[in-house]
Protein chains: 2
Amino acid sequence: MSARVLSPGELEAALRQIGAERYHSNHPLHKLMYQGKLNRGQLQAWALNRYYYQARIPAKDATLIARLPTPDLRRAWRKRLHDHDGDGPETGGIERWLRLTDGLGLDRDYVISTRGLLPITRFAVDAYIGLVRDRSILEGIASCLTELFSPAIISERVGGMLRNYDFITEDTLAYFKPRLDQAPEDAEFALAYVKEHARTEEQQEAVLAVLRAKCDILWAMLDALHIAYVEPRMIPPGAFVPAD
Amino acid sequence: MSARVLSPGELEAALRQIGAERYHSNHPLHKLMYQGKLNRGQLQAWALNRYYYQARIPAKDATLIARLPTPDLRRAWRKRLHDHDGDGPETGGIERWLRLTDGLGLDRDYVISTRGLLPITRFAVDAYIGLVRDRSILEGIASCLTELFSPAIISERVGGMLRNYDFITEDTLAYFKPRLDQAPEDAEFALAYVKEHARTEEQQEAVLAVLRAKCDILWAMLDALHIAYVEPRMIPPGAFVPAD
């Protein structure tokens with residue numbers, strides 16, 4: 001970072017640069033996934049571990065809502081609770097993620113129990129909630145800016161998985177389609193907030209740092225899967241063991 | 001408490017007994033209020049201090065939502081965020097409370113700033129958020145059971161205030177009318193949850209204790225107002241000073 005205050009446009013460019021360098025679309029496991037190079041057991045492990053991330057998103061968002069000072073801000077953020085928890089039984093993002101784990105042949109109760117989780121997945125996701133709980137509200141809001149980069153990774157993942165795995169259907173991947181609209185809306189709100197409120201060098205540094213930290217969290221989740229299920233295939237004691 | 005597990009019906013009766021003995025409908029200040037024995041400045045002080053309670057309710061509810069384990073429970077509790085923050089600008093319970101402070105002639109920015117708050121109000125309200133953050137989820141849910149008793153106090157307050165203060169109109173009291181439907185719905189959900197989940201003697205003791213603690217919080221808020229603005233009229237340094 002240069003020792004001066006960035007313009008809002010420069011700040012946005014710096015945030016996008018972090019995504020270009022550090023978002024988990026660059027992780028080898030993502031590439032193996034969309035290129036059709038994983039087997040069903042490896043995809044199961046991914047969906048099972050990523051379930052914990054999905055399931056904790058409302059806790060993350062409610063943790064931030066509890067800190068937001070005005071009804072306007074809380075209402076804007078509340079949309080995320082609706083997106084993930086839905087508006088009735090068997091709706092919402094968490095439920096759609098369970099259709100993915102169902103479609104991959106995992107037992108729903110086992111998935112929900114998180115008994116087979118890799119410990120690193122738990123540490124990383126809990127660290128995300130910790131960011132939103134313990135850092136400034138500005139940083140809490142900025143931590144979701146990975147949503148700026150998610151439409152690209154979702155398109156790559158969904159396209160590649162439908163093409164390359166005959167056991168994966170559009171219905172199995174129902175989670176991802178609404179995210180193509182939800183994530184840009186959410187990211188737009190957060191980006192506008194961050195560009196307006198990160199006005200000092202210190203605030204801008206904090207915002208860039210928290211986006212790096214969030215990218216580290218997503219990256220660590222794929223690292224953990226890679227180590228356990230791809231190479232060198234060291235599954236930690238107690239973690240999910242694929243049948244194939 | 002007798003040293004045995006209560007039936008759900010006995011538990012409900014014990015909870016209602018706490019309300020009969022400890023709810024702030026028994027506080028002398030409430031009686032003075034609905035009997036028309038307060039002046040405008042005293043009502044201003046009440047509305048100003050109670051604003052902080054209203055304004056922090058979404059923080060309390062989001063704090064609990066962040067801890068609730070399932071989309072079903074979170075959706076049920078999310079209703080409260082809608083009730084208080086509304087579904088658009090200038091809707092919701094906090095906004096309606098500000099119509100009361102407006103109607104009583106208080107400056108809105110001053111109210112929202114909470115600069116004139118009695119310190120005890122802040123301690124008591126923050127203690128409520130602390131309950132919901134630090135005790136068990138069961139106790140967090142049970143802490144809202146004062147809503148069982150609120151329709152009676154609201155009817156008494158609204159009826160008495162309209163009758164006895166010529167500067168108070170139905171529009172000024174717009175906050176209270178929706179609460180007559182919202183509070184019983186919310187209380188019914190919470191009561192059913194508590195009756196189902198408080199099954200051991202220890203859990204039942206905890207649930208009864210947290211309802212007592214919540215009643216203490218509401219009572220302390222009226223105590224603080226009474227001391228400062230009614231008798232012996234000792235307004236702490238920095239707190240709101242009525243013009244009349």
# chains A, B, ... in the order shown; residues from 1 in each chain; ligands from 1
call {"tool": "residues_around", "arguments": {"residues": "B:Tyr52", "least_positions_apart": "4", "cutoff": "9 Å", "atoms": "only C-alpha atoms", "output": "CSV table (one decimal) with N, CA and C atoms, in the first residue's frame"}}
result
chain,number,residue,atom,x,y,z
B,48,LEU,N,-38.1,8.8,26.2
B,48,LEU,CA,-36.7,8.9,25.8
B,48,LEU,C,-35.9,7.7,26.3
B,56,ARG,N,-32.6,-1.3,20.8
B,56,ARG,CA,-31.7,-2.4,21.0
B,56,ARG,C,-32.4,-3.8,20.8
B,57,ILE,N,-33.7,-3.8,20.7
B,57,ILE,CA,-34.4,-5.0,20.6
B,57,ILE,C,-33.9,-5.8,19.3
B,111,VAL,N,-33.0,12.2,20.8
B,111,VAL,CA,-33.5,10.8,21.2
B,111,VAL,C,-32.6,9.7,20.7
B,112,ILE,N,-32.4,9.8,19.4
B,112,ILE,CA,-31.6,8.7,18.7
B,112,ILE,C,-30.1,8.7,19.2
B,114,THR,N,-29.2,9.0,22.1
B,114,THR,CA,-29.2,8.5,23.5
B,114,THR,C,-28.3,9.2,24.5
B,117,LEU,N,-29.8,9.7,28.0
B,117,LEU,CA,-30.3,8.5,28.7
B,117,LEU,C,-29.8,8.4,30.2
B,121,THR,N,-30.7,2.9,32.7
B,121,THR,CA,-31.4,2.4,31.5
B,121,THR,C,-30.5,1.6,30.6
B,122,ARG,N,-29.3,2.3,30.4
B,122,ARG,CA,-28.3,1.6,29.5
B,122,ARG,C,-27.8,0.3,30.2
B,125,VAL,N,-30.7,-2.4,29.8
B,125,VAL,CA,-31.0,-2.9,28.5
B,125,VAL,C,-29.8,-3.7,28.0
call {"tool": "closest_atom_pairs", "arguments": {"of": "chain B", "to": "chain A", "cutoff": "8 Å", "atoms": "only C-alpha atoms", "output": "JSON lines"}}
result
{"residue": "B:Pro58", "atom": "CA", "partner": "A:Ala66", "partner_atom": "CA", "distance": 6.7}
{"residue": "B:Ala59", "atom": "CA", "partner": "A:Ala66", "partner_atom": "CA", "distance": 4.0}
{"residue": "B:Lys60", "atom": "CA", "partner": "A:Ala66", "partner_atom": "CA", "distance": 6.8}
{"residue": "B:Asp61", "atom": "CA", "partner": "A:Ala66", "partner_atom": "CA", "distance": 7.5}
{"residue": "B:Ala62", "atom": "CA", "partner": "A:Ala66", "partner_atom": "CA", "distance": 4.8}
{"residue": "B:Thr63", "atom": "CA", "partner": "A:Ala66", "partner_atom": "CA", "distance": 5.5}
{"residue": "B:Ile65", "atom": "CA", "partner": "A:Ala62", "partner_atom": "CA", "distance": 6.1}
{"residue": "B:Ala66", "atom": "CA", "partner": "A:Ala59", "partner_atom": "CA", "distance": 4.0}
{"residue": "B:Arg67", "atom": "CA", "partner": "A:Ala59", "partner_atom": "CA", "distance": 6.5}
{"residue": "B:Leu68", "atom": "CA", "partner": "A:Ala59", "partner_atom": "CA", "distance": 7.9}
{"residue": "B:Pro71", "atom": "CA", "partner": "A:Asp85", "partner_atom": "CA", "distance": 4.9}
{"residue": "B:Asp72", "atom": "CA", "partner": "A:Pro89", "partner_atom": "CA", "distance": 6.8}
{"residue": "B:Arg74", "atom": "CA", "partner": "A:Asp85", "partner_atom": "CA", "distance": 7.4}
{"residue": "B:Arg75", "atom": "CA", "partner": "A:Asp85", "partner_atom": "CA", "distance": 6.7}
{"residue": "B:Asp85", "atom": "CA", "partner": "A:Pro71", "partner_atom": "CA", "distance": 4.9}
{"residue": "B:Gly86", "atom": "CA", "partner": "A:Pro71", "partner_atom": "CA", "distance": 7.6}
{"residue": "B:Asp87", "atom": "CA", "partner": "A:Arg75", "partner_atom": "CA", "distance": 7.1}
{"residue": "B:Gly88", "atom": "CA", "partner": "A:Arg75", "partner_atom": "CA", "distance": 7.6}
{"residue": "B:Pro89", "atom": "CA", "partner": "A:Asp72", "partner_atom": "CA", "distance": 6.8}
call {"tool": "residues_around", "arguments": {"residues": "stretch 147-164 of chain A", "least_positions_apart": "6", "cutoff": "7 Å", "atoms": "only C-alpha atoms", "output": "MDAnalysis selection string"}}
result
chainID A and resid 19 25 34:36 176 180 183:184 187
call {"tool": "residues_around", "arguments": {"residues": "A:Arg22", "least_positions_apart": "2", "cutoff": "8 Å", "atoms": "only C-alpha atoms", "output": "PyMOL selection string"}}
result
chain A and resi 18-20+24+26+212+215-216+219
call {"tool": "select_by_dssp", "arguments": {"residues": "stretch 56-144 of chain A", "states": "alpha helix (DSSP H)", "output": "count of residues only"}}
result
64
call {"tool": "residues_around", "arguments": {"residues": "B:Ala206", "least_positions_apart": "6", "cutoff": "9 Å", "atoms": "only C-alpha atoms", "output": "ChimeraX atom specification"}}
result
/B:136,138-139,198
call {"tool": "write_last_selection", "arguments": {"atoms": "N, CA and C atoms", "output": "PDB file, in the first residue's frame"}}
result
ATOM      1  N   SER B 136     -27.996 -19.999  28.056  1.00  0.00           N
ATOM      2  CA  SER B 136     -28.342 -21.026  27.068  1.00  0.00           C
ATOM      3  C   SER B 136     -29.379 -20.488  26.085  1.00  0.00           C
ATOM      4  N   LEU B 138     -32.137 -21.878  25.358  1.00  0.00           N
ATOM      5  CA  LEU B 138     -33.431 -22.022  26.048  1.00  0.00           C
ATOM      6  C   LEU B 138     -33.719 -20.790  26.910  1.00  0.00           C
ATOM      7  N   GLU B 139     -32.732 -20.338  27.656  1.00  0.00           N
ATOM      8  CA  GLU B 139     -32.925 -19.149  28.493  1.00  0.00           C
ATOM      9  C   GLU B 139     -33.078 -17.884  27.634  1.00  0.00           C
ATOM     10  N   ALA B 198     -37.808 -27.293  28.306  1.00  0.00           N
ATOM     11  CA  ALA B 198     -37.355 -27.228  29.712  1.00  0.00           C
ATOM     12  C   ALA B 198     -37.901 -28.459  30.425  1.00  0.00           C
TER      13      ALA B 198
END
call {"tool": "residues_around", "arguments": {"residues": "stretch 173-175 of chain A", "least_positions_apart": "6", "cutoff": "7 Å", "atoms": "only C-alpha atoms", "output": "mmCIF file with C-alpha atoms, in the first residue's frame"}}
result
data_model
loop_
_atom_site.group_PDB
_atom_site.id
_atom_site.type_symbol
_atom_site.label_atom_id
_atom_site.label_comp_id
_atom_site.auth_asym_id
_atom_site.auth_seq_id
_atom_site.Cartn_x
_atom_site.Cartn_y
_atom_site.Cartn_z
ATOM 1 C CA GLY A 93 -29.759 -21.657 0.346
ATOM 2 C CA ARG A 96 -30.597 -26.147 -1.654
ATOM 3 C CA TRP A 97 -27.103 -27.077 -0.531
ATOM 4 C CA LEU A 100 -26.443 -31.139 -3.563
#
call {"tool": "closest_residue", "arguments": {"among": "B:Val132, B:Met33, B:Ile168, B:Ile120", "to": "B:Leu211", "atoms": "only C-alpha atoms"}}
result
B:Val132
call {"tool": "atom_distance", "arguments": {"atom1": "atom CA of A:Asp181", "atom2": "atom CA of A:Lys79"}}
result
12.6 Å
call {"tool": "closest_residue", "arguments": {"among": "A:Leu38, A:Ala239, A:Ile217, A:Val210", "to": "A:Arg135", "atoms": "only C-alpha atoms"}}
result
A:Val210
